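> What follows is the file coords_16.txt, containing compact mmCIF, C-alpha atoms:
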# COMPACT_ATOMS: atom_id res chain seq x y z
CA MET L 1 25.28 2.01 -15.05
CA PRO L 2 23.26 4.97 -13.69
CA PRO L 3 23.06 5.11 -9.87
CA GLU L 4 19.25 4.92 -9.98
CA VAL L 5 19.34 1.63 -11.89
CA TYR L 6 21.98 0.25 -9.52
CA GLN L 7 19.82 1.11 -6.49
CA VAL L 8 16.79 -0.60 -8.02
CA LEU L 9 18.84 -3.72 -8.71
CA VAL L 10 20.17 -3.74 -5.14
CA GLN L 11 16.61 -3.53 -3.79
CA VAL L 12 15.49 -6.35 -6.10
CA VAL L 13 18.33 -8.62 -4.99
CA GLU L 14 17.68 -7.86 -1.30
CA ALA L 15 13.98 -8.64 -1.71
CA MET L 16 14.75 -11.87 -3.53
CA ARG L 17 17.20 -12.92 -0.78
CA ALA L 18 14.40 -12.32 1.73
CA GLY L 19 12.18 -14.67 -0.28
CA LYS L 20 9.85 -11.93 -1.49
CA ALA L 21 8.18 -11.94 -4.89
CA ILE L 22 9.34 -9.32 -7.36
CA SER L 23 7.33 -7.69 -10.15
CA LEU L 24 8.53 -5.01 -12.46
CA ALA L 25 5.94 -3.04 -14.38
CA PRO L 26 5.78 0.33 -16.07
CA THR L 27 4.04 2.96 -13.95
CA THR L 28 1.59 3.48 -16.80
CA GLN L 29 0.47 -0.16 -16.50
CA ARG L 30 -3.32 -0.69 -16.49
CA LEU L 31 -4.59 -3.65 -14.48
CA THR L 32 -7.78 -5.67 -14.56
CA THR L 33 -9.90 -5.60 -11.43
CA GLN L 34 -8.66 -9.09 -10.52
CA GLN L 35 -5.02 -8.08 -10.95
CA ALA L 36 -5.60 -4.91 -8.92
CA ALA L 37 -7.37 -6.86 -6.16
CA ASN L 38 -4.51 -9.37 -6.04
CA PHE L 39 -2.01 -6.51 -5.84
CA LEU L 40 -3.82 -5.02 -2.83
CA GLY L 41 -4.49 -8.41 -1.23
CA ILE L 42 -8.26 -7.99 -1.24
CA SER L 43 -11.15 -9.70 -3.01
CA ARG L 44 -12.31 -8.49 -6.41
CA PRO L 45 -15.80 -7.59 -5.09
CA THR L 46 -14.18 -5.48 -2.36
CA LEU L 47 -12.04 -3.72 -4.95
CA VAL L 48 -15.07 -3.05 -7.13
CA LYS L 49 -16.82 -1.46 -4.13
CA LEU L 50 -13.79 0.80 -3.60
CA LEU L 51 -13.80 1.74 -7.28
CA GLU L 52 -17.51 2.51 -7.35
CA ALA L 53 -17.22 4.53 -4.12
CA GLY L 54 -14.55 6.70 -5.76
CA GLU L 55 -11.76 5.54 -3.44
CA ILE L 56 -9.58 4.50 -6.39
CA PRO L 57 -9.79 6.06 -9.87
CA PHE L 58 -10.49 3.74 -12.81
CA ASP L 59 -11.56 3.87 -16.39
CA ARG L 60 -13.68 1.67 -18.56
CA PRO L 61 -12.21 1.53 -22.09
CA GLY L 62 -14.73 -1.15 -23.06
CA ARG L 63 -16.96 -3.29 -20.91
CA HIS L 64 -14.37 -3.89 -18.20
CA ARG L 65 -12.82 -1.59 -15.62
CA ARG L 66 -9.09 -0.88 -15.71
CA VAL L 67 -7.09 0.50 -12.81
CA GLY L 68 -3.79 2.38 -13.09
CA LEU L 69 -0.81 1.04 -11.21
CA LEU L 70 0.06 4.52 -9.91
CA ASP L 71 -3.50 4.92 -8.60
CA LEU L 72 -3.16 1.63 -6.72
CA LEU L 73 0.18 2.68 -5.28
CA ASP L 74 -1.31 6.02 -4.18
CA TYR L 75 -4.27 4.26 -2.53
CA GLN L 76 -1.95 1.77 -0.81
CA SER L 77 0.26 4.58 0.48
CA SER L 78 -2.66 6.65 1.77
CA ARG L 79 -4.16 3.63 3.55
CA ARG L 80 -0.79 2.88 5.15
CA SER L 81 -0.56 6.50 6.36
CA GLU L 82 -4.12 6.39 7.72
CA ARG L 83 -3.38 3.17 9.63
CA LYS L 84 -0.19 4.62 11.11
CA GLU L 85 -2.03 7.76 12.22
CA ALA L 86 -4.86 5.74 13.77
CA LEU L 87 -2.35 3.57 15.61
CA ARG L 88 -0.53 6.68 16.84
CA ARG L 89 -3.79 8.16 18.17
CA LEU L 90 -4.75 4.89 19.88
CA THR L 91 -1.32 4.52 21.44
CA THR L 92 -1.39 8.10 22.70
CA LYS L 93 -4.87 7.64 24.18
CA ALA L 94 -3.98 4.33 25.82
CA SER L 95 -0.83 5.87 27.29
CA GLU L 96 -2.82 8.82 28.66
CA LEU L 97 -5.21 6.36 30.30
CA GLY L 98 -2.29 4.57 31.95
CA LEU L 99 -2.67 1.36 29.97
CA TYR L 100 1.02 1.34 29.04
CA GLU L 101 4.02 1.37 31.33
CA LYS L 102 5.98 3.64 28.99
CA SER L 103 5.06 6.86 27.21
CA ALA L 104 3.29 6.95 23.86
CA GLU L 105 6.48 8.32 22.27
CA ASP L 106 8.40 5.18 23.36
CA TYR L 107 5.88 2.94 21.60
CA GLN L 108 5.68 5.16 18.53
CA ALA L 109 9.47 5.09 18.21
CA ALA L 110 9.32 1.29 18.21
CA LEU L 111 6.90 1.36 15.28
Give the structure from the file, written as C-alpha cells.

Amino acid sequence: MPPEVYQVLVQVVEAMRAGKAISLAPTTQRLTTQQAANFLGISRPTLVKLLEAGEIPFDRPGRHRRVGLLDLLDYQSSRRSERKEALRRLTTKASELGLYEKSAEDYQAAL
C-alpha cells in the first residue's frame, strides 16, 4: 500500500473515532449550490450571494450553478486564514492596550 493511501486511511479512522463525518470525493467534483452551502455550513442564499459577488468561482452548464470542490476548499482555507489574521491583530491590539495579563505572543501561541 502506498504511504499516501495509508496516511489518508489513518486520518479517516481517527476522524471516525472522534465521531466526525467522513466524505470522500474526487477533487474534480462539481456540487450544486445546496451541496456547496451545506459543505460550508451556510445557507444557500448566502452562498449564492458569494458566488454572484465573485468570492467563489462557479459555472452554469445549464440553468443551475455548479461549484467546484477545489474552489470551495480554497475559499474555506482563505477565510480561515483571514479569521486567524484578524484574531492575531485584535489580540495584539488588546495586549498593547493592557487588556491582557500576558503578551500577545502568549495568546497567539495558545491558538
> Just the number, please: distance in Å from atom CA of Ile56 of chain L to atom CA of Arg88 of chain L, one decimal.
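A separation of 25.0 Å between them.
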> Within 10 Å of segment 34-47 of chain L, counting all atoms listed in the file, which residues qualify if same-chain residues fewer than 4 places away don't, as a PyMOL selection string?
chain L and resi 30+51-53+55-56+65-69+72-73+75-76
> Can you work out the spacing between atom CA of Ser78 of chain L and atom CA of Arg17 of chain L in Å, to one decimal?
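Atom-to-atom, atom CA of Ser78 of chain L and atom CA of Arg17 of chain L are spaced 28.0 Å apart.
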> I'd like the interatomic distance between atom CA of Thr32 of chain L and atom CA of His64 of chain L, to a tenth of an Å.
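Distance reported for this atom pair: 7.7 Å.
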> Can you take the partial segment 48-77 of chain L, add N, CA and C atoms, and return it as a CSV table (one decimal), keeping the file's coordinate frame?

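Result saved to rebuild_36.csv:
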chain,number,residue,atom,x,y,z
L,48,VAL,N,-14.0,-3.7,-6.3
L,48,VAL,CA,-15.1,-3.0,-7.1
L,48,VAL,C,-15.9,-2.0,-6.3
L,49,LYS,N,-16.1,-2.4,-5.0
L,49,LYS,CA,-16.8,-1.5,-4.1
L,49,LYS,C,-16.0,-0.2,-3.9
L,50,LEU,N,-14.7,-0.4,-3.8
L,50,LEU,CA,-13.8,0.8,-3.6
L,50,LEU,C,-13.8,1.7,-4.9
L,51,LEU,N,-13.8,1.0,-6.0
L,51,LEU,CA,-13.8,1.7,-7.3
L,51,LEU,C,-15.1,2.5,-7.4
L,52,GLU,N,-16.2,1.9,-7.2
L,52,GLU,CA,-17.5,2.5,-7.4
L,52,GLU,C,-17.7,3.6,-6.3
L,53,ALA,N,-17.1,3.5,-5.2
L,53,ALA,CA,-17.2,4.5,-4.1
L,53,ALA,C,-16.3,5.7,-4.4
L,54,GLY,N,-15.5,5.6,-5.4
L,54,GLY,CA,-14.6,6.7,-5.8
L,54,GLY,C,-13.3,6.7,-5.0
L,55,GLU,N,-13.0,5.6,-4.2
L,55,GLU,CA,-11.8,5.5,-3.4
L,55,GLU,C,-10.5,5.4,-4.3
L,56,ILE,N,-10.7,4.7,-5.5
L,56,ILE,CA,-9.6,4.5,-6.4
L,56,ILE,C,-10.1,4.9,-7.8
L,57,PRO,N,-9.4,5.7,-8.5
L,57,PRO,CA,-9.8,6.1,-9.9
L,57,PRO,C,-9.7,4.8,-10.8
L,58,PHE,N,-10.5,4.8,-11.8
L,58,PHE,CA,-10.5,3.7,-12.8
L,58,PHE,C,-11.1,4.3,-14.1
L,59,ASP,N,-10.9,3.5,-15.1
L,59,ASP,CA,-11.6,3.9,-16.4
L,59,ASP,C,-12.2,2.6,-17.0
L,60,ARG,N,-13.0,2.8,-18.0
L,60,ARG,CA,-13.7,1.7,-18.6
L,60,ARG,C,-13.6,1.8,-20.1
L,61,PRO,N,-12.4,1.3,-20.7
L,61,PRO,CA,-12.2,1.5,-22.1
L,61,PRO,C,-13.2,0.7,-22.9
L,62,GLY,N,-13.7,-0.3,-22.4
L,62,GLY,CA,-14.7,-1.2,-23.1
L,62,GLY,C,-15.8,-1.5,-22.0
L,63,ARG,N,-16.0,-2.8,-21.9
L,63,ARG,CA,-17.0,-3.3,-20.9
L,63,ARG,C,-16.3,-3.4,-19.5
L,64,HIS,N,-15.0,-3.6,-19.5
L,64,HIS,CA,-14.4,-3.9,-18.2
L,64,HIS,C,-13.6,-2.7,-17.6
L,65,ARG,N,-13.6,-2.7,-16.3
L,65,ARG,CA,-12.8,-1.6,-15.6
L,65,ARG,C,-11.3,-1.9,-15.7
L,66,ARG,N,-10.5,-0.8,-15.8
L,66,ARG,CA,-9.1,-0.9,-15.7
L,66,ARG,C,-8.6,0.1,-14.7
L,67,VAL,N,-7.6,-0.3,-13.9
L,67,VAL,CA,-7.1,0.5,-12.8
L,67,VAL,C,-5.6,0.8,-13.1
L,68,GLY,N,-5.2,2.0,-12.9
L,68,GLY,CA,-3.8,2.4,-13.1
L,68,GLY,C,-2.9,1.9,-11.9
L,69,LEU,N,-1.7,1.5,-12.2
L,69,LEU,CA,-0.8,1.0,-11.2
L,69,LEU,C,-0.5,2.2,-10.3
L,70,LEU,N,-0.2,3.4,-10.8
L,70,LEU,CA,0.1,4.5,-9.9
L,70,LEU,C,-1.1,4.8,-9.0
L,71,ASP,N,-2.3,4.7,-9.5
L,71,ASP,CA,-3.5,4.9,-8.6
L,71,ASP,C,-3.6,3.9,-7.5
L,72,LEU,N,-3.2,2.7,-7.8
L,72,LEU,CA,-3.2,1.6,-6.7
L,72,LEU,C,-2.1,1.9,-5.7
L,73,LEU,N,-0.9,2.3,-6.2
L,73,LEU,CA,0.2,2.7,-5.3
L,73,LEU,C,-0.2,3.9,-4.4
L,74,ASP,N,-0.9,4.9,-5.0
L,74,ASP,CA,-1.3,6.0,-4.2
L,74,ASP,C,-2.3,5.6,-3.1
L,75,TYR,N,-3.3,4.7,-3.5
L,75,TYR,CA,-4.3,4.3,-2.5
L,75,TYR,C,-3.6,3.5,-1.4
L,76,GLN,N,-2.7,2.6,-1.8
L,76,GLN,CA,-2.0,1.8,-0.8
L,76,GLN,C,-1.2,2.7,0.2
L,77,SER,N,-0.5,3.7,-0.4
L,77,SER,CA,0.3,4.6,0.5
L,77,SER,C,-0.6,5.4,1.4
